[in-house]
Amino acid sequence: MFFLGQSSSGTHRMIKFVLMVNQQGQTRLSRYYEPVELSRRAALEADAVRCCLSRKKDQCSFVEYKDFKLVYRQYAALIIVVGVSDGENELSIYELIHNFVEVLDKHFSRVSELDIMFNLDSIHIILDEMIQNGHIVETNKNRILAPLTAINKMVEG
Amino acid sequence: MSDVVEKTLTALPSLLSLDSQPGSAKLSSNSKLGNLIRGITELTSKHEEEKLIQHELSSIKEQVSSPNTTMRQMRELMVRAVYCEMLGYEASFSYIHAIKLAQQGNVLEKRVGYLAVSLFLNENHELLLLLVNTVLKDLQSTNLIEVCMALTVVCQIFPKDMIPAILPIVEEKLNHPKEIIRRKAVLALHKFYLIAPNQVQHIHNKFRKALCDKDPGVMTASLHIYLQLIQENAEAYKDLTASFVTILKQVVGGKLPMDFNYHSVPAPWLQIQLLRILSLLGKNDQRTSEVMYEVLDESLRRAEMNHNITYAILYECVKCVYTIHPKSELLEKAATCIGNFVLSPKINLKYLGLKALTYVVQQDPKLALQHQMTIIECLDHSDVIIKRETLELLFRITNAQNVTVIVEKMLDFLRLSKDDHTTVDLAGKVAELAEKYAPDNEWFIQTMNAVFSLGGDMMQPEIPNGFLKLLSEGFDSEEEDRKLRLFAVNSYISLLQGDPSKLPQRFLQVICWVLGEYSYLKDDLDPVVVLRLLAQLLDMKGSSSDTKSWVLVAMTKLCWSETAVSVAQQVAETYSSSFDTTLRQRAQELQHLSRDSQLHSRVLPPGGSLEPVEVDSSLSFLDGFVSEALSAGAAPYKPLHQRQEELSRSKALSLEPYGLSLPISTSSCSITDRQSPTLLSTSSGLSGDSTDFSHRGSSTTLKLDGVRRVWGREGYLAQKEPVEEVAQVEIPSPLRSPGQQGDADSCHSRTPTANPEGDREKQQLASSLFGGLSSQSSVCLMEKSERFGRKAKGQRASSTPNEQRSDPSVSSSSAVDNLLCNNLLEENSEPIDSSTKQTFQHPQSLRVPNGACDAEAIISDDDTKGRNRPVSPEEHVEGDDFPPCEDKSKDLSLTAHLPAELSGFSHSEIIPLCSNRSLDLSACHVQTDNTVVLVVFVTNSSEDANLQIQVLSEELEVCCPCESPVEEVRGHSVSVRQYSLTVKRPLVHFELVGRLSYSAAGTLQSMQFSYKLPLTSFIRPLTVSTEEYGSMWLAFSHDTKQNLTLMKEEQEPLSATLNALKKKLSLHVVEIIGVEGLVACSLLQDQPCLMHCRVHAGRLAVWLRSPVADLPDCLLYHCQRALQEH
């Protein structure tokens, strides 16, 4: 419904989107790896978050959503939701989310929701180093942060 | 989970309200972005949000266009615009400024510019072209950071057509001393491979170099490309198996730098990637699998640490072990692993365990047996996801013994499911199982009733269609069929007597059809009762007009008796003035047929319900209309995709000046999107999709494949009812046995078996669930097919039963065509059975040993069809005074007058075109190697005459070799004229019009005639090599795509289909590579047309290209026809 058919690359596994949403359902970050019309995103995000929030703590961190899966992980009031195609290894994505949060934590030294809001561009730059075209391209924390650090140094120095 | 992060983030909510916390401290709180963020956090309603963002957008709009805005401010503006879009409000006015920012800003501003571009624009956005120059400049920058960000944006979003402009520079970067640049260059090539695989075809050896790079990051990046390549063609990369194994060994052995570790596990995601590659390589290949046994064993052993990520690796490892050639030792370990997963108290692991189990039960059903108690527990798990996954597992192990239990479990779940997608999916699965393994009729009908009621109207249309087909075609035993149908009738009658308003429309339609067809089987049922029940559906509020049509059609079938007629008349009265035209039509039919019992029994004759229905699926009766419209100057139909492509091409052209600054000429750029089909497979996947789409919009086959067509089978004329049953039906005894009441309701009321009885219950459930598993091997498990199973398969393969029913006359004649055409095209000197030939040609006319072929298979086919059809709005041959009954002996003798130089070639049937008392004019056309010659015969049956013939055509050049236009024809002789024909403009059919003027005995008279021949007469095979084909393909500009029906040949549907086309249309099959086929032909000598075929989703996606406009479209039409007639 939301997605225009199969992924164009023909691969079976891919990440469809990454969302950071707070408990009130406000989107703090969204990155799509498959084209989704702007007008449909808000509904999709609200739907996905509702799906994740309705689940109890002791339930599985993976939810079926339409023809794909949502992998979610909650950090305080913030939920990170990753939409993946059916063939993906959900647990590896679950840990990828944590790796992402650890990278953010390292960069912002104790990351907070406001950090994320005030540094939306940096968060995106970090995420772009980790995931491209729905594939995991880097998981080494130092290497993920290297480009951003270099840019910040240049601007300051 | 890291405790540190957890705690940090737990402290968040309290921080939100404060201003003085570290993250936001550096941003002044009264900055515009700060204000926006504050505004967003304070939002309480959607309405407020809209107000805030609209205000923000207008403020951004004002500032971006101001000339005084600095790049620094622009950066902030872009972030604000990103915010607005993130909340779902379009900020398209800022797109161009994002590109400007990327162009002009300093590093950070540039990065934000690129970021905004990649967030705002999609792959096909035209503004993206404006980015190309900036990217090009940055790629050549001496500043590594700029190179890096340019490569990043290329990896994310880059116009396909412009790849050649930057490809050499990107390739250069593969040798860059910095590993991050090399890594990003490899990722950029991966991106190029995804969007335009043929563009990077030539640099495959560079991928290998990247794989061997000393930096693990670069190597990792190259794995993305390899995974993709190996997915497409594992054979070609078997030699790399040892390398991948070595890499995995090193990773597992901890040889990577420490910072690649994640929670002390070395590069877990890299391990997962490698395991995926290995399983692809080792699948069905013992030798390759043996190479990896050791490292898999080590992986299984190493991953013993208790952390999620090691389990993620283990899962991948287990899957790999079960995918490659089996080794018992490894299988055992993997099975233990799965056991640990399934038994784990951690819910995420349990889920993964079930998923793994679902994957492996196909190879090893015993494993499910081992864990049966756990599976049963999972079936009643409080988490719906776990339940769902368990059902998926059960679905895979269903057999004839456990089907009833498993289906019941699935239906239980279905009753509680609120998610549409799950409902559709599960309903489909239940229907599949029911058709495959149904133990008896009663169960089958009841299960299907449940599927129809629960699946509702979202259900796949194939399910009701398949069900009706199964019911109508029946099985081997008449008696069984009768019982099944009778059971369905009984069941539906009681449903209708209950509360039909609760039933979904689709189900009601099924009920209508079945009652219309088979209610006569119930001896004691008065049709009036059925009619009343049906009529009640018409009055129901929720009934859609579709359903009402079904009701009316069913009623039409049932109105036999006097009383029935009066009920029907009443209904027909009401609906014959309906606003809905379909309903009105149906009501009119009902009215007329119920009034006239004679007509009724003729239209719905006895015993005719399975009579094949002739459907002219090519809409050939419109040919005349189409060619008339075309010759009147109408533009030929172009499929949607072609129109769009042309549109986009013209757009691309307008940007040409921009291309001048590129190092590569624009002409080569514009060529790049015309990929050679020999090279691509990913992008042809794309094209396959788009053909699918365009196919739906195309005129010729669209309506036939759709849902309505199949459902339309109940169409009033098609259905015939056995007349001899009337007497039985008329016996009025509306008694029903109590056992038949409310059978569907009982389905609903069954409750899940969860209860405190506990273990014993579970044991019982286990024995019923896993029945048959222990004794059977997996193979017979999957292949176990009941009588239902066989049917179910056939029905899934063909969604349109009507099309399958071939008209006997057509099929026999096309068989002859095949035989004959075979001879021509392959120049076999096989002797032809002369009796077969007689169908088309008279034996005397066979002067040529090989030339017996009726070169115009299509035209002849049309003719046969046309004659079979009672009403054909088009006649292929028109003549002014064309006598309806032609003396056949006349044209027999004409064959003898065929010019000697043409006698070696095949000719079409000689068709009389016009005649009067003294003159007969007939014609045929002859296909030589490089021409088509029209031969006109004028038979003068009276005295000498001077005659003059003019032949004209708008689309054909007609050339008469004889000098004088006026010729004297002596009495009682035959004059023969030849006209060579050349195509000016391709058309599906060409029409020639002519005038014959003659003077005899001082009076001048004239007659007009016309002659029609198909494009195929001008098509000749074009023999080219695959390489030539490839280069020609790129050069041709006119193209069209379409999906065609694949022939239902079990072995090689592609080659069978191509051969059929080859035989019918004189094509040359260049090569068949896997699922792709290359075909070439030319319009006479010099106008080639190439066809690229690819099997996609059970259809044949064809893509035709030619330098000649309209040729692909016209040829496609003939391909379609050829395949439909086959």
# chains A, B, ... in the order shown; residues from 1 in each chain; ligands from 1

call {"tool": "closest_atom_pairs", "arguments": {"of": "chain A", "to": "chain B", "cutoff": "6 Å", "atoms": "only C-alpha atoms", "output": "JSON lines"}}
result
{"residue": "A:Ser9", "atom": "CA", "partner": "B:Leu194", "partner_atom": "CA", "distance": 5.4}
{"residue": "A:Leu38", "atom": "CA", "partner": "B:Gly88", "partner_atom": "CA", "distance": 5.8}
{"residue": "A:Ala42", "atom": "CA", "partner": "B:Gly88", "partner_atom": "CA", "distance": 5.7}
{"residue": "A:Gln59", "atom": "CA", "partner": "B:Asp383", "partner_atom": "CA", "distance": 5.9}
{"residue": "A:Cys60", "atom": "CA", "partner": "B:Asn348", "partner_atom": "CA", "distance": 5.2}
{"residue": "A:Lys66", "atom": "CA", "partner": "B:His421", "partner_atom": "CA", "distance": 5.3}
{"residue": "A:Tyr75", "atom": "CA", "partner": "B:Leu9", "partner_atom": "CA", "distance": 5.8}
{"residue": "A:Ala76", "atom": "CA", "partner": "B:Thr10", "partner_atom": "CA", "distance": 4.3}
{"residue": "A:Leu91", "atom": "CA", "partner": "B:Ala312", "partner_atom": "CA", "distance": 5.3}
{"residue": "A:Ser92", "atom": "CA", "partner": "B:Ala312", "partner_atom": "CA", "distance": 5.2}
{"residue": "A:Ser112", "atom": "CA", "partner": "B:Leu12", "partner_atom": "CA", "distance": 5.9}
{"residue": "A:Asp115", "atom": "CA", "partner": "B:Gly23", "partner_atom": "CA", "distance": 4.7}
{"residue": "A:Asn140", "atom": "CA", "partner": "B:Phe260", "partner_atom": "CA", "distance": 5.0}
{"residue": "A:Ile151", "atom": "CA", "partner": "B:Leu108", "partner_atom": "CA", "distance": 6.0}

call {"tool": "select_by_dssp", "arguments": {"residues": "stretch 11-88 of chain A", "states": "helix (DSSP H, G or I)", "output": "list in words"}}
result
Leu38, Ser39, Arg40, Arg41, Ala42, Ala43, Leu44, Glu45, Ala46, Asp47, Ala48, Val49, Arg50, Cys51, Cys52 and Leu53 of chain A

call {"tool": "residues_around", "arguments": {"residues": "B:Gln978", "least_positions_apart": "5", "cutoff": "12 Å", "atoms": "only C-alpha atoms", "output": "short mmCIF file (atom, residue, chain, number, x, y, z; two decimals) with N, CA and C atoms, in the first residue's frame"}}
result
data_model
loop_
_atom_site.label_atom_id
_atom_site.label_comp_id
_atom_site.auth_asym_id
_atom_site.auth_seq_id
_atom_site.Cartn_x
_atom_site.Cartn_y
_atom_site.Cartn_z
N HIS B 897 -2.14 -19.73 -63.10
CA HIS B 897 -1.72 -18.51 -63.79
C HIS B 897 -0.69 -17.72 -63.01
N LEU B 898 -0.35 -18.21 -61.88
CA LEU B 898 0.66 -17.53 -61.07
C LEU B 898 1.94 -17.42 -61.87
N PRO B 899 2.53 -16.22 -61.94
CA PRO B 899 3.74 -16.06 -62.75
C PRO B 899 4.83 -17.05 -62.34
N ALA B 900 5.56 -17.51 -63.35
CA ALA B 900 6.55 -18.56 -63.10
C ALA B 900 7.60 -18.13 -62.11
N GLU B 901 8.01 -16.85 -62.17
CA GLU B 901 9.10 -16.42 -61.28
C GLU B 901 8.64 -16.40 -59.82
N LEU B 902 7.34 -16.43 -59.59
CA LEU B 902 6.84 -16.41 -58.22
C LEU B 902 6.47 -17.80 -57.72
N ALA B 923 -7.29 -11.97 -56.22
CA ALA B 923 -5.91 -11.59 -55.91
C ALA B 923 -5.34 -12.46 -54.82
N CYS B 924 -4.04 -12.49 -54.78
CA CYS B 924 -3.34 -13.11 -53.66
C CYS B 924 -2.03 -12.38 -53.50
N HIS B 925 -1.31 -12.63 -52.46
CA HIS B 925 0.02 -12.03 -52.38
C HIS B 925 1.06 -13.11 -52.14
N VAL B 926 2.24 -12.84 -52.68
CA VAL B 926 3.32 -13.82 -52.63
C VAL B 926 4.47 -13.22 -51.84
N THR B 931 10.69 -9.30 -51.09
CA THR B 931 9.57 -8.46 -51.49
C THR B 931 8.26 -9.15 -51.13
N VAL B 932 7.23 -8.36 -51.27
CA VAL B 932 5.89 -8.93 -51.24
C VAL B 932 5.22 -8.49 -52.53
N VAL B 933 4.68 -9.45 -53.25
CA VAL B 933 4.09 -9.12 -54.54
C VAL B 933 2.60 -9.42 -54.49
N LEU B 934 1.84 -8.42 -54.90
CA LEU B 934 0.41 -8.62 -55.01
C LEU B 934 0.13 -9.10 -56.43
N VAL B 935 -0.55 -10.20 -56.54
CA VAL B 935 -0.88 -10.73 -57.86
C VAL B 935 -2.38 -10.62 -58.05
N VAL B 936 -2.74 -9.92 -59.13
CA VAL B 936 -4.16 -9.72 -59.41
C VAL B 936 -4.53 -10.53 -60.65
N PHE B 937 -5.56 -11.30 -60.53
CA PHE B 937 -6.02 -12.11 -61.66
C PHE B 937 -7.34 -11.55 -62.16
N VAL B 938 -7.41 -11.29 -63.42
CA VAL B 938 -8.69 -10.85 -63.98
C VAL B 938 -9.16 -11.91 -64.97
N ILE B 949 -6.22 -1.21 -64.43
CA ILE B 949 -6.34 -1.44 -62.99
C ILE B 949 -5.45 -0.45 -62.25
N GLN B 950 -6.01 0.15 -61.26
CA GLN B 950 -5.21 1.02 -60.39
C GLN B 950 -5.23 0.43 -58.99
N VAL B 951 -4.09 0.34 -58.41
CA VAL B 951 -4.05 -0.13 -57.02
C VAL B 951 -3.34 0.91 -56.19
N VAL B 958 3.05 1.07 -53.93
CA VAL B 958 2.64 0.03 -54.87
C VAL B 958 3.34 0.31 -56.20
N CYS B 959 4.05 -0.68 -56.65
CA CYS B 959 4.84 -0.46 -57.86
C CYS B 959 4.45 -1.50 -58.90
N CYS B 960 4.05 -1.00 -60.05
CA CYS B 960 3.63 -1.93 -61.10
C CYS B 960 4.72 -2.04 -62.15
N PRO B 961 5.25 -3.21 -62.33
CA PRO B 961 6.35 -3.37 -63.27
C PRO B 961 5.91 -3.28 -64.75
N CYS B 962 4.67 -3.48 -65.01
CA CYS B 962 4.30 -3.48 -66.43
C CYS B 962 4.13 -2.04 -66.93
N GLU B 963 4.46 -1.85 -68.19
CA GLU B 963 4.58 -0.48 -68.71
C GLU B 963 3.22 0.18 -68.90
N PRO B 965 -0.61 0.92 -68.60
CA PRO B 965 -1.68 0.68 -67.65
C PRO B 965 -2.90 0.03 -68.30
#

call {"tool": "select_by_dssp", "arguments": {"residues": "stretch 50-143 of chain A", "states": "strand (DSSP E or B)", "output": "number ranges by chain"}}
result
A: 62-65, 68-75, 78-84, 131-132, 135-136

call {"tool": "closest_residue", "arguments": {"among": "B:Cys512, B:Ile60, B:Leu521, B:Leu1104", "to": "B:Leu538", "atoms": "only C-alpha atoms"}}
result
B:Cys512

call {"tool": "residues_around", "arguments": {"residues": "A:Ile93", "least_positions_apart": "6", "cutoff": "9 Å", "atoms": "only C-alpha atoms", "output": "PDB file with N, CA, C and O atoms, in the first residue's frame"}}
result
ATOM      1  N   ILE A  15      16.319  -2.633   4.364  1.00  0.00           N
ATOM      2  CA  ILE A  15      15.713  -1.753   5.344  1.00  0.00           C
ATOM      3  C   ILE A  15      14.860  -0.773   4.571  1.00  0.00           C
ATOM      4  O   ILE A  15      15.310  -0.207   3.577  1.00  0.00           O
ATOM      5  N   VAL A  71      10.914  -3.514  13.345  1.00  0.00           N
ATOM      6  CA  VAL A  71      11.774  -3.871  14.460  1.00  0.00           C
ATOM      7  C   VAL A  71      11.895  -2.606  15.297  1.00  0.00           C
ATOM      8  O   VAL A  71      12.231  -1.553  14.755  1.00  0.00           O
ATOM      9  N   TYR A  72      11.564  -2.681  16.570  1.00  0.00           N
ATOM     10  CA  TYR A  72      11.586  -1.447  17.351  1.00  0.00           C
ATOM     11  C   TYR A  72      12.319  -1.634  18.662  1.00  0.00           C
ATOM     12  O   TYR A  72      12.473  -2.751  19.164  1.00  0.00           O
ATOM     13  N   VAL A  82      12.446   0.465  12.871  1.00  0.00           N
ATOM     14  CA  VAL A  82      13.039   0.214  11.568  1.00  0.00           C
ATOM     15  C   VAL A  82      12.117  -0.736  10.805  1.00  0.00           C
ATOM     16  O   VAL A  82      11.746  -1.789  11.312  1.00  0.00           O
ATOM     17  N   VAL A  84      11.620  -3.338   7.937  1.00  0.00           N
ATOM     18  CA  VAL A  84      12.468  -4.217   7.130  1.00  0.00           C
ATOM     19  C   VAL A  84      11.607  -5.170   6.309  1.00  0.00           C
ATOM     20  O   VAL A  84      10.488  -5.486   6.688  1.00  0.00           O
TER      21      VAL A  84
ATOM     22  N   ALA B 312      21.972 -13.489  16.474  1.00  0.00           N
ATOM     23  CA  ALA B 312      21.663 -13.059  15.108  1.00  0.00           C
ATOM     24  C   ALA B 312      22.587 -13.758  14.121  1.00  0.00           C
ATOM     25  O   ALA B 312      22.159 -14.205  13.052  1.00  0.00           O
TER      26      ALA B 312
END

call {"tool": "atom_distance", "arguments": {"atom1": "atom CA of A:Ser30", "atom2": "atom CA of A:Ser61"}}
result
19.3 Å
